[in-house]
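Trainee: query-v8.txt (compact mmCIF, C-alpha atoms and all ligand atoms) pasted underneath:
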```
# COMPACT_ATOMS: atom_id res chain seq x y z
CA MET S 1 172.48 -25.40 -112.05
CA SER S 2 168.85 -25.13 -110.95
CA THR S 3 166.01 -26.42 -113.10
CA GLU S 4 164.84 -22.83 -113.64
CA ASN S 5 168.25 -21.81 -115.00
CA THR S 6 168.36 -24.81 -117.33
CA MET S 7 164.87 -23.98 -118.55
CA SER S 8 165.62 -20.31 -119.29
CA ALA S 9 168.80 -21.31 -121.14
CA ASP S 10 166.67 -23.69 -123.20
CA ILE S 11 164.14 -21.00 -124.07
CA GLU S 12 166.85 -18.62 -125.32
CA ASN S 13 168.06 -21.33 -127.71
CA GLY S 14 164.53 -22.33 -128.69
CA PRO S 15 162.73 -25.36 -127.31
CA THR S 16 163.78 -28.97 -127.55
CA VAL S 17 161.63 -30.29 -130.37
CA LEU S 18 160.44 -33.69 -129.19
CA ASP S 19 160.83 -35.59 -132.45
CA GLY S 20 158.23 -38.35 -132.43
CA LYS S 21 159.41 -39.83 -135.69
CA ALA S 22 162.96 -40.40 -134.45
CA THR S 23 161.81 -41.52 -131.00
CA ALA S 24 159.25 -43.94 -132.46
CA LYS S 25 161.96 -45.35 -134.72
CA ALA S 26 164.12 -46.05 -131.66
CA VAL S 27 161.18 -47.74 -129.88
CA ARG S 28 160.41 -49.81 -132.98
CA ALA S 29 164.05 -50.90 -133.24
CA ASP S 30 163.94 -52.09 -129.62
CA VAL S 31 160.67 -53.91 -130.30
CA ALA S 32 162.18 -55.60 -133.37
CA VAL S 33 165.01 -56.97 -131.19
CA GLY S 34 162.43 -58.37 -128.75
CA ALA S 35 160.36 -59.83 -131.60
CA ALA S 36 163.43 -61.57 -133.03
CA ARG S 37 164.11 -63.07 -129.60
CA LEU S 38 160.53 -64.37 -129.31
CA THR S 39 160.73 -65.78 -132.83
CA GLU S 40 163.92 -67.60 -131.87
CA LEU S 41 162.61 -69.00 -128.58
CA GLY S 42 158.95 -69.50 -129.48
CA ARG S 43 157.03 -67.75 -132.22
CA ALA S 44 156.74 -64.26 -133.66
CA PRO S 45 154.26 -61.88 -131.99
CA GLY S 46 150.87 -61.98 -133.70
CA LEU S 47 148.69 -58.89 -134.11
CA THR S 48 145.25 -58.84 -135.70
CA VAL S 49 143.45 -55.62 -136.53
CA VAL S 50 139.68 -55.60 -137.05
CA LEU S 51 138.55 -52.87 -139.42
CA VAL S 52 134.82 -52.36 -139.93
CA GLY S 53 133.54 -50.13 -142.74
CA ASP S 54 135.44 -47.81 -145.04
CA ASP S 55 136.27 -44.70 -143.02
CA PRO S 56 139.23 -43.20 -144.96
CA ALA S 57 141.19 -42.08 -141.87
CA SER S 58 140.82 -45.54 -140.29
CA GLN S 59 142.06 -47.18 -143.52
CA VAL S 60 145.20 -45.02 -143.39
CA TYR S 61 145.82 -45.80 -139.68
CA VAL S 62 145.34 -49.52 -140.23
CA ARG S 63 147.76 -49.58 -143.18
CA SER S 64 150.39 -47.78 -141.07
CA LYS S 65 149.92 -50.24 -138.20
CA ASP S 66 150.19 -53.19 -140.58
CA LYS S 67 153.41 -51.83 -142.16
CA ALA S 68 155.09 -51.01 -138.84
CA ALA S 69 154.19 -54.37 -137.27
CA THR S 70 155.40 -56.29 -140.32
CA GLU S 71 158.70 -54.35 -140.29
CA ALA S 72 159.15 -55.23 -136.60
CA GLY S 73 158.89 -58.94 -137.48
CA PHE S 74 155.32 -59.55 -136.29
CA VAL S 75 152.73 -61.74 -137.98
CA VAL S 76 150.01 -59.24 -138.87
CA ASN S 77 146.50 -59.81 -140.14
CA THR S 78 143.68 -57.42 -140.86
CA ILE S 79 140.08 -58.61 -140.79
CA ARG S 80 137.95 -56.30 -142.91
CA LEU S 81 134.20 -56.28 -142.41
CA GLY S 82 131.63 -54.26 -144.33
CA ALA S 83 130.03 -51.12 -142.90
CA ASP S 84 126.76 -53.08 -142.73
CA ALA S 85 128.24 -55.93 -140.67
CA PRO S 86 125.92 -56.75 -137.76
CA GLN S 87 127.09 -56.52 -134.16
CA SER S 88 127.01 -60.33 -133.89
CA GLU S 89 129.45 -60.76 -136.78
CA ILE S 90 131.98 -58.38 -135.22
CA GLU S 91 131.65 -60.03 -131.82
CA ALA S 92 132.06 -63.47 -133.44
CA ALA S 93 135.28 -62.24 -135.11
CA VAL S 94 136.61 -61.11 -131.72
CA ASP S 95 135.59 -64.45 -130.14
CA SER S 96 137.52 -66.42 -132.75
CA LEU S 97 140.61 -64.20 -132.27
CA ASN S 98 140.37 -64.73 -128.50
CA ALA S 99 140.44 -68.48 -129.14
CA ASP S 100 143.33 -68.33 -131.64
CA ASP S 101 146.56 -69.09 -129.79
CA SER S 102 148.74 -67.47 -132.47
CA VAL S 103 147.06 -64.09 -131.89
CA ASP S 104 148.67 -62.09 -129.07
CA GLY S 105 147.08 -58.72 -129.76
CA ILE S 106 143.60 -57.73 -130.96
CA LEU S 107 142.90 -54.18 -132.04
CA VAL S 108 139.42 -53.13 -133.11
CA GLN S 109 139.88 -49.89 -135.02
CA LEU S 110 137.63 -47.13 -133.70
CA PRO S 111 135.28 -45.51 -134.40
CA LEU S 112 132.96 -48.30 -135.50
CA PRO S 113 130.22 -47.36 -137.99
CA LYS S 114 127.09 -45.74 -136.53
CA GLY S 115 124.60 -48.08 -134.89
CA LEU S 116 127.23 -50.50 -133.54
CA ASP S 117 127.95 -50.83 -129.84
CA SER S 118 131.72 -50.37 -129.63
CA ASP S 119 131.81 -50.78 -125.83
CA ALA S 120 130.31 -54.26 -126.16
CA VAL S 121 132.81 -55.20 -128.87
CA ILE S 122 135.81 -53.92 -126.90
CA GLU S 123 134.60 -55.64 -123.72
CA ARG S 124 134.65 -58.97 -125.56
CA ILE S 125 138.41 -58.78 -126.13
CA ASP S 126 140.45 -61.10 -123.88
CA PRO S 127 142.23 -58.63 -121.52
CA GLY S 128 145.49 -60.52 -122.12
CA LYS S 129 145.21 -59.57 -125.81
CA ASP S 130 143.90 -56.04 -125.23
CA VAL S 131 146.89 -54.23 -126.75
CA ASP S 132 144.85 -51.02 -126.99
CA GLY S 133 144.28 -51.02 -123.22
CA LEU S 134 140.58 -50.23 -123.61
CA THR S 135 138.79 -53.07 -121.82
CA ALA S 136 137.36 -52.38 -118.36
CA THR S 137 140.00 -54.73 -116.92
CA SER S 138 142.85 -52.71 -118.46
CA VAL S 139 141.28 -49.40 -117.41
CA ALA S 140 140.82 -50.65 -113.84
CA ARG S 141 144.37 -51.99 -113.61
CA LEU S 142 145.74 -48.63 -114.77
CA ALA S 143 143.59 -46.77 -112.24
CA MET S 144 144.80 -49.12 -109.50
CA GLY S 145 148.44 -48.63 -110.49
CA ARG S 146 148.82 -52.31 -111.44
CA ASP S 147 150.69 -53.75 -114.40
CA GLY S 148 148.56 -54.01 -117.52
CA MET S 149 147.99 -52.74 -121.03
CA VAL S 150 148.08 -48.96 -121.37
CA PRO S 151 146.35 -47.21 -124.29
CA CYS S 152 148.91 -46.50 -127.00
CA THR S 153 148.66 -42.69 -127.34
CA PRO S 154 149.10 -41.82 -123.64
CA ALA S 155 151.78 -44.54 -123.39
CA GLY S 156 153.51 -42.76 -126.30
CA CYS S 157 153.33 -39.43 -124.44
CA VAL S 158 155.06 -40.97 -121.42
CA GLU S 159 157.64 -42.77 -123.58
CA ILE S 160 158.66 -39.61 -125.46
CA LEU S 161 159.09 -37.79 -122.12
CA ASN S 162 161.13 -40.69 -120.68
CA ARG S 163 163.39 -40.89 -123.70
CA HIS S 164 164.12 -37.14 -123.39
CA GLY S 165 164.83 -37.32 -119.66
CA ILE S 166 161.74 -35.31 -118.69
CA ASP S 167 160.48 -36.38 -115.27
CA LEU S 168 156.88 -35.74 -114.19
CA SER S 169 157.44 -36.08 -110.44
CA GLY S 170 156.13 -33.05 -108.55
CA LYS S 171 155.14 -31.26 -111.77
CA ASP S 172 151.82 -29.51 -112.30
CA VAL S 173 150.35 -31.31 -115.30
CA VAL S 174 147.30 -29.98 -117.14
CA VAL S 175 145.56 -32.46 -119.43
CA ILE S 176 143.07 -30.90 -121.85
CA GLY S 177 140.46 -33.49 -122.83
CA ARG S 178 138.89 -36.33 -120.85
CA SER S 179 138.62 -39.08 -123.46
CA GLN S 180 138.98 -42.79 -122.65
CA LEU S 181 141.63 -43.04 -125.38
CA VAL S 182 143.94 -40.25 -124.21
CA GLY S 183 142.97 -37.74 -121.51
CA LYS S 184 141.87 -40.04 -118.71
CA PRO S 185 144.61 -42.66 -119.13
CA PHE S 186 147.33 -40.01 -119.48
CA ALA S 187 146.12 -38.42 -116.25
CA GLN S 188 146.45 -41.81 -114.51
CA LEU S 189 149.94 -42.33 -115.88
CA ALA S 190 151.05 -38.85 -114.79
CA LEU S 191 149.54 -39.40 -111.32
CA ALA S 192 151.39 -42.71 -111.01
CA ARG S 193 154.56 -40.73 -111.80
CA ASN S 194 153.82 -38.37 -108.89
CA ALA S 195 152.58 -35.39 -110.92
CA THR S 196 149.84 -33.09 -109.63
CA VAL S 197 147.22 -33.55 -112.32
CA THR S 198 144.36 -31.33 -113.48
CA ILE S 199 142.01 -32.63 -116.17
CA CYS S 200 140.37 -29.79 -118.12
CA HIS S 201 137.47 -30.18 -120.54
CA SER S 202 134.76 -28.29 -122.41
CA ARG S 203 133.10 -27.08 -119.17
CA THR S 204 136.33 -25.87 -117.56
CA ARG S 205 135.78 -22.22 -116.62
CA ASP S 206 139.17 -20.68 -117.32
CA LEU S 207 141.29 -23.01 -119.40
CA ALA S 208 143.92 -20.33 -120.09
CA ALA S 209 144.48 -19.79 -116.35
CA HIS S 210 144.95 -23.52 -115.74
CA CYS S 211 147.42 -23.76 -118.62
CA ARG S 212 149.40 -20.71 -117.47
CA ASN S 213 150.11 -22.53 -114.19
CA ALA S 214 151.16 -25.79 -115.81
CA ASP S 215 154.68 -27.22 -115.98
CA VAL S 216 153.40 -29.71 -118.54
CA ILE S 217 150.44 -29.25 -120.90
CA VAL S 218 148.96 -32.22 -122.76
CA ALA S 219 146.42 -31.10 -125.36
CA ALA S 220 144.06 -33.82 -126.57
CA VAL S 221 140.75 -32.28 -127.59
CA GLY S 222 140.78 -32.01 -131.38
CA VAL S 223 140.39 -28.23 -131.63
CA ALA S 224 142.94 -26.67 -133.98
CA LYS S 225 145.32 -24.22 -132.26
CA LEU S 226 143.20 -24.06 -129.10
CA VAL S 227 146.25 -23.56 -126.86
CA GLN S 228 147.60 -20.05 -127.43
CA GLY S 229 151.25 -19.10 -127.06
CA ASP S 230 150.60 -16.87 -124.06
CA TRP S 231 148.89 -19.76 -122.23
CA VAL S 232 152.28 -21.48 -122.02
CA LYS S 233 154.35 -20.76 -118.92
CA PRO S 234 157.96 -19.99 -119.87
CA GLY S 235 159.88 -23.27 -119.66
CA ALA S 236 156.80 -25.50 -119.76
CA VAL S 237 156.70 -28.79 -121.68
CA VAL S 238 153.95 -29.06 -124.30
CA LEU S 239 152.65 -32.34 -125.75
CA ASP S 240 150.22 -31.87 -128.62
CA VAL S 241 148.06 -34.92 -129.28
CA GLY S 242 145.64 -33.14 -131.65
CA ILE S 243 145.53 -33.92 -135.35
CA ASN S 244 143.25 -31.45 -137.12
CA ARG S 245 142.94 -30.19 -140.69
CA GLY S 246 143.67 -26.46 -140.88
CA GLU S 247 141.84 -24.11 -143.27
CA ASP S 248 144.68 -24.62 -145.76
CA GLY S 249 144.19 -28.40 -145.61
CA LYS S 250 147.43 -28.95 -143.70
CA LEU S 251 147.60 -30.91 -140.45
CA VAL S 252 147.63 -28.79 -137.30
CA GLY S 253 147.61 -29.72 -133.66
CA ASP S 254 145.60 -28.43 -130.70
CA VAL S 255 148.43 -26.00 -129.94
CA ASP S 256 149.50 -22.85 -131.79
CA TYR S 257 152.94 -24.35 -132.32
CA ALA S 258 154.86 -21.28 -133.56
CA ALA S 259 153.68 -19.14 -130.64
CA ALA S 260 154.03 -21.87 -128.01
CA ALA S 261 157.55 -22.74 -129.21
CA THR S 262 158.76 -19.25 -128.23
CA ARG S 263 158.01 -20.05 -124.56
CA ALA S 264 158.15 -23.84 -124.13
CA SER S 265 161.33 -25.67 -123.08
CA ALA S 266 160.19 -28.74 -125.04
CA ILE S 267 157.33 -29.28 -127.48
CA THR S 268 156.01 -31.94 -129.87
CA PRO S 269 155.31 -30.91 -133.48
CA VAL S 270 152.24 -31.94 -135.53
CA PRO S 271 152.75 -33.96 -137.63
CA GLY S 272 155.77 -35.94 -136.43
CA GLY S 273 155.18 -35.74 -132.67
CA ILE S 274 152.83 -38.00 -130.71
CA GLY S 275 151.28 -39.58 -133.85
CA PRO S 276 154.21 -41.87 -134.68
CA MET S 277 154.60 -42.77 -131.00
CA THR S 278 151.10 -44.26 -130.92
CA ILE S 279 151.94 -46.98 -133.41
CA ALA S 280 155.31 -47.66 -131.77
CA MET S 281 153.55 -48.24 -128.45
CA LEU S 282 151.01 -50.58 -130.08
CA LEU S 283 153.98 -52.70 -131.15
CA SER S 284 155.50 -52.46 -127.70
CA ASN S 285 152.22 -53.56 -126.06
CA THR S 286 151.85 -56.45 -128.50
CA LEU S 287 155.42 -57.60 -127.87
CA ARG S 288 154.75 -57.58 -124.13
CA ALA S 289 151.45 -59.45 -124.54
CA SER S 290 153.19 -62.04 -126.69
CA ALA S 291 156.08 -62.53 -124.26
CA LEU S 292 153.62 -62.95 -121.37
CA ARG S 293 151.44 -65.38 -123.30
CA GLN S 294 154.48 -67.42 -124.37
CA GLY S 295 156.00 -67.34 -120.88
CA ILE S 296 159.25 -65.87 -122.23
CA GLU S 297 161.02 -63.15 -120.27
CA LEU S 298 162.47 -60.31 -122.32
CA ALA S 299 165.22 -58.07 -121.02
CA GLY S 300 164.34 -54.44 -120.17
N1 LIG C 401 141.15 -44.74 -133.52
C1 LIG C 401 141.90 -43.65 -133.26
N2 LIG C 401 142.83 -43.91 -132.33
C2 LIG C 401 142.66 -45.20 -131.99
C3 LIG C 401 143.34 -46.06 -131.07
O1 LIG C 401 144.28 -45.70 -130.36
N3 LIG C 401 142.86 -47.33 -131.01
C4 LIG C 401 141.83 -47.75 -131.76
N4 LIG C 401 141.44 -49.01 -131.63
N5 LIG C 401 141.19 -47.01 -132.62
C5 LIG C 401 141.62 -45.73 -132.73
```
If you convert what's in this file into structure tokens, what do you get?
Ligand code: GUN

Mentor:
Amino acid sequence: MSTENTMSADIENGPTVLDGKATAKAVRADVAVGAARLTELGRAPGLTVVLVGDDPASQVYVRSKDKAATEAGFVVNTIRLGADAPQSEIEAAVDSLNADDSVDGILVQLPLPKGLDSDAVIERIDPGKDVDGLTATSVARLAMGRDGMVPCTPAGCVEILNRHGIDLSGKDVVVIGRSQLVGKPFAQLALARNATVTICHSRTRDLAAHCRNADVIVAAVGVAKLVQGDWVKPGAVVLDVGINRGEDGKLVGDVDYAAAATRASAITPVPGGIGPMTIAMLLSNTLRASALRQGIELAG
């Protein structure tokens, strides 16, 4: 059966809902096996999160990361600094984590409070411990197609596709958003998987036309329901990275899910799509960093 036939059959039955919660659970279970192996042969993976200030969303994210990493068998610490902490104090915290051999992964939760130079803080992280994949070294390695740390959200997008047997090779991929955290690194990952990639952004002239041509749409701009149902080519795959508050206070993505789901062959919901994958990939990155630092080879 041709791909087209498979896709139209899928649309008639409704799309495959790419369940990020279930997929992340499977990733986390695999990570826990690897963590147990490291604990047996060396020591448990160590992750330290640096949280500056009291941004409510960041507090929630950090608690979720802490819980997931603890459940996977990691040693987790959170360093909390006040919103008025000077740049030097944050950089000194990163320096001491770089020097601490029991710490395999350092994550500085973003955004930092106003007035702080987050680029300078991130750049201080030892690239071997850069489990967020945000240092210039990690970004360069990804652009060069070399092994290295990949930012967790785009890594989660690729992982959910892989685990559902969706191949990017030869596909026309439209990425909406050009952030360092998602859009740019996802574009690199898709390119490395032989996709033809278009990165759209706020100055793109006809976003709808680009989307209508796409086999895969990745929406990562933070504009609620930006992607309309009729922008989705029948049979396309839609990954929604947006997490926005709708007028009713509920979480909504960057895609009009109900309308897009009538045309897509596969789509991620919000919540329960890419969000849970992000944390799972943080654990996966930390496990890998720990194995490398300990000189222990893990299967797979
Ligand atoms: N804030 C929102 N997403 C992220 C992320 O992936 N990493 C970090 N460090 N901060 C974030």

Trainee: Given all atoms listed in the file as the basis, pick out the residue of S:Val103, S:Val108, S:Ala264, S:Ile279 nearest to ligand LIG 401 (chain C).

Mentor: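 That would be S:Val108, the residue with the smallest distance to ligand LIG 401 (chain C).
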
Trainee: For the atom pair CA of Glu91 (chain S) and CA of Glu123 (chain S), what is the interatomic distance in Å to one decimal place?

Mentor: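 Computing the Euclidean distance for CA of Glu91 (chain S) and CA of Glu123 (chain S) yields 9.7 Å.
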
Trainee: Rounded to one decimal, what separation in Å do you get between CA of Arg193 (chain S) and CA of Ser284 (chain S)?

Mentor: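 Taking CA of Arg193 (chain S) and CA of Ser284 (chain S), their separation equals 19.8 Å.
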
Trainee: Which residues sit within 8 Å of ligand LIG 401 (chain C), counting all atoms listed in the file, listed as a list in words?

Mentor: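 After applying the 8 Å limit, what remains is Ser58, Tyr61, Leu107, Val108, Gln109, Leu110, Pro111, Asp132, Pro151, Cys152, Thr153, Leu181 and Thr278 of chain S.
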
Trainee: List every protein, DNA or RNA residue that has at least one atom no more than 10 Å from (154.6, -38.6, -109.0) in the file's coordinates, counting all atoms listed in the file, and write the result as a list in words.

Mentor: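 Protein, DNA and RNA residues close to (154.6, -38.6, -109.0): Asp167, Leu168, Ser169, Gly170, Lys171, Leu189, Ala190, Leu191, Ala192, Arg193, Asn194, Ala195, Thr196 and Val197 of chain S.
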
Trainee: Considering only C-alpha atoms, can you say which of S:Gly105, S:Gly73, S:Gly183, S:Gly14 comes closest to Val33 (chain S)?

Mentor: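 Between S:Gly105, S:Gly73, S:Gly183, S:Gly14, the residue approaching Val33 (chain S) most closely is S:Gly73.
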
Trainee: Pick out the closest residue to Gly53 (chain S) from this set: S:Asp104, S:Asp230, S:Glu247, S:Asp84. Count all atoms listed in the file.

Mentor: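 Among the listed residues, S:Asp84 lies closest to Gly53 (chain S).
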
Trainee: Within 12 Å of Val227 (chain S), counting only C-alpha atoms, which residues show up once you throw out same-chain ones fewer than 3 positions away? Write them as an mmCIF file with C-alpha atoms, in the coordinates of the input, please.

Mentor:
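Writing done, so here's result.cif:
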```
data_model
loop_
_atom_site.group_PDB
_atom_site.id
_atom_site.type_symbol
_atom_site.label_atom_id
_atom_site.label_comp_id
_atom_site.auth_asym_id
_atom_site.auth_seq_id
_atom_site.Cartn_x
_atom_site.Cartn_y
_atom_site.Cartn_z
ATOM 1 C CA VAL S 174 147.300 -29.980 -117.140
ATOM 2 C CA VAL S 175 145.560 -32.460 -119.430
ATOM 3 C CA ILE S 176 143.070 -30.900 -121.850
ATOM 4 C CA LEU S 207 141.290 -23.010 -119.400
ATOM 5 C CA ALA S 208 143.920 -20.330 -120.090
ATOM 6 C CA ALA S 209 144.480 -19.790 -116.350
ATOM 7 C CA HIS S 210 144.950 -23.520 -115.740
ATOM 8 C CA CYS S 211 147.420 -23.760 -118.620
ATOM 9 C CA ARG S 212 149.400 -20.710 -117.470
ATOM 10 C CA ILE S 217 150.440 -29.250 -120.900
ATOM 11 C CA VAL S 218 148.960 -32.220 -122.760
ATOM 12 C CA ALA S 219 146.420 -31.100 -125.360
ATOM 13 C CA ALA S 220 144.060 -33.820 -126.570
ATOM 14 C CA VAL S 221 140.750 -32.280 -127.590
ATOM 15 C CA GLY S 222 140.780 -32.010 -131.380
ATOM 16 C CA VAL S 223 140.390 -28.230 -131.630
ATOM 17 C CA ALA S 224 142.940 -26.670 -133.980
ATOM 18 C CA ASP S 230 150.600 -16.870 -124.060
ATOM 19 C CA TRP S 231 148.890 -19.760 -122.230
ATOM 20 C CA VAL S 232 152.280 -21.480 -122.020
ATOM 21 C CA LYS S 233 154.350 -20.760 -118.920
ATOM 22 C CA VAL S 238 153.950 -29.060 -124.300
ATOM 23 C CA LEU S 239 152.650 -32.340 -125.750
ATOM 24 C CA ASP S 240 150.220 -31.870 -128.620
ATOM 25 C CA VAL S 241 148.060 -34.920 -129.280
ATOM 26 C CA GLY S 242 145.640 -33.140 -131.650
ATOM 27 C CA VAL S 252 147.630 -28.790 -137.300
ATOM 28 C CA GLY S 253 147.610 -29.720 -133.660
ATOM 29 C CA ASP S 254 145.600 -28.430 -130.700
ATOM 30 C CA VAL S 255 148.430 -26.000 -129.940
ATOM 31 C CA ASP S 256 149.500 -22.850 -131.790
ATOM 32 C CA TYR S 257 152.940 -24.350 -132.320
ATOM 33 C CA ALA S 258 154.860 -21.280 -133.560
ATOM 34 C CA ALA S 259 153.680 -19.140 -130.640
ATOM 35 C CA ALA S 260 154.030 -21.870 -128.010
ATOM 36 C CA ALA S 261 157.550 -22.740 -129.210
#
```

Trainee: Which residues are close to Gly156 (chain S), i.e. within 9 Å by all atoms listed in the file, leaving aside same-chain residues fewer than 2 positions away? Reply as a list in words.

Mentor: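 So the residues in contact are Gly20, Ala24, Pro151, Cys152, Thr153, Pro154, Val158, Glu159, Ile160, Leu161, Ile274, Gly275, Pro276, Met277, Thr278, Ile279, Ala280 and Met281 of chain S.
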
Trainee: Now that the selection is made, can you save its residues with C-alpha atoms as a JSON list (two decimals), keeping the file's coordinate frame?

Mentor:
```
[["chain", "number", "residue", "atom", "x", "y", "z"],
["S", 20, "GLY", "CA", 158.23, -38.35, -132.43],
["S", 24, "ALA", "CA", 159.25, -43.94, -132.46],
["S", 151, "PRO", "CA", 146.35, -47.21, -124.29],
["S", 152, "CYS", "CA", 148.91, -46.50, -127.00],
["S", 153, "THR", "CA", 148.66, -42.69, -127.34],
["S", 154, "PRO", "CA", 149.10, -41.82, -123.64],
["S", 158, "VAL", "CA", 155.06, -40.97, -121.42],
["S", 159, "GLU", "CA", 157.64, -42.77, -123.58],
["S", 160, "ILE", "CA", 158.66, -39.61, -125.46],
["S", 161, "LEU", "CA", 159.09, -37.79, -122.12],
["S", 274, "ILE", "CA", 152.83, -38.00, -130.71],
["S", 275, "GLY", "CA", 151.28, -39.58, -133.85],
["S", 276, "PRO", "CA", 154.21, -41.87, -134.68],
["S", 277, "MET", "CA", 154.60, -42.77, -131.00],
["S", 278, "THR", "CA", 151.10, -44.26, -130.92],
["S", 279, "ILE", "CA", 151.94, -46.98, -133.41],
["S", 280, "ALA", "CA", 155.31, -47.66, -131.77],
["S", 281, "MET", "CA", 153.55, -48.24, -128.45]]
```

Trainee: Using all atoms listed in the file for the distances, tell me which of S:Asp66, S:Asp215, S:Asp19, S:Glu89 is nearest to Val237 (chain S).

Mentor: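 Residue with the minimum atom-to-atom distance to Val237 (chain S): S:Asp215.
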
Trainee: Excluding Asp30 (chain S) and residues on its chain fewer than 4 positions from it, collect all residues at most 12 Å away from it, counting all atoms listed in the file, and give them as a ChimeraX atom specification.

Mentor: /S:23-26,34-37,72-73,280-281,283-284,287,298-300

Trainee: How many Å separate CA of Leu134 (chain S) from CA of Asp172 (chain S)?

Mentor: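 These two atoms are separated by 26.1 Å.
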
Trainee: S:Ser96, S:Cys200, S:Ile79, S:Leu47: which is nearest Lys67 (chain S), counting only C-alpha atoms?

Mentor: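 Of the candidates, the smallest distance to Lys67 (chain S) is held by S:Leu47.
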
Trainee: List every protein, DNA or RNA residue that has at least one atom no more than 8 Å from (138.5, -57.1, -121.4) in the file's coordinates, counting all atoms listed in the file, and write the result as a PyMOL selection string.

Mentor: chain S and resi 122-128+130+134-138

Trainee: Closest to Asp101 (chain S) among S:Ile296, S:Ala44, S:Val60, S:Ile199, using all atoms listed in the file?

Mentor: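 Ranking S:Ile296, S:Ala44, S:Val60, S:Ile199 by distance to Asp101 (chain S), first place goes to S:Ala44.
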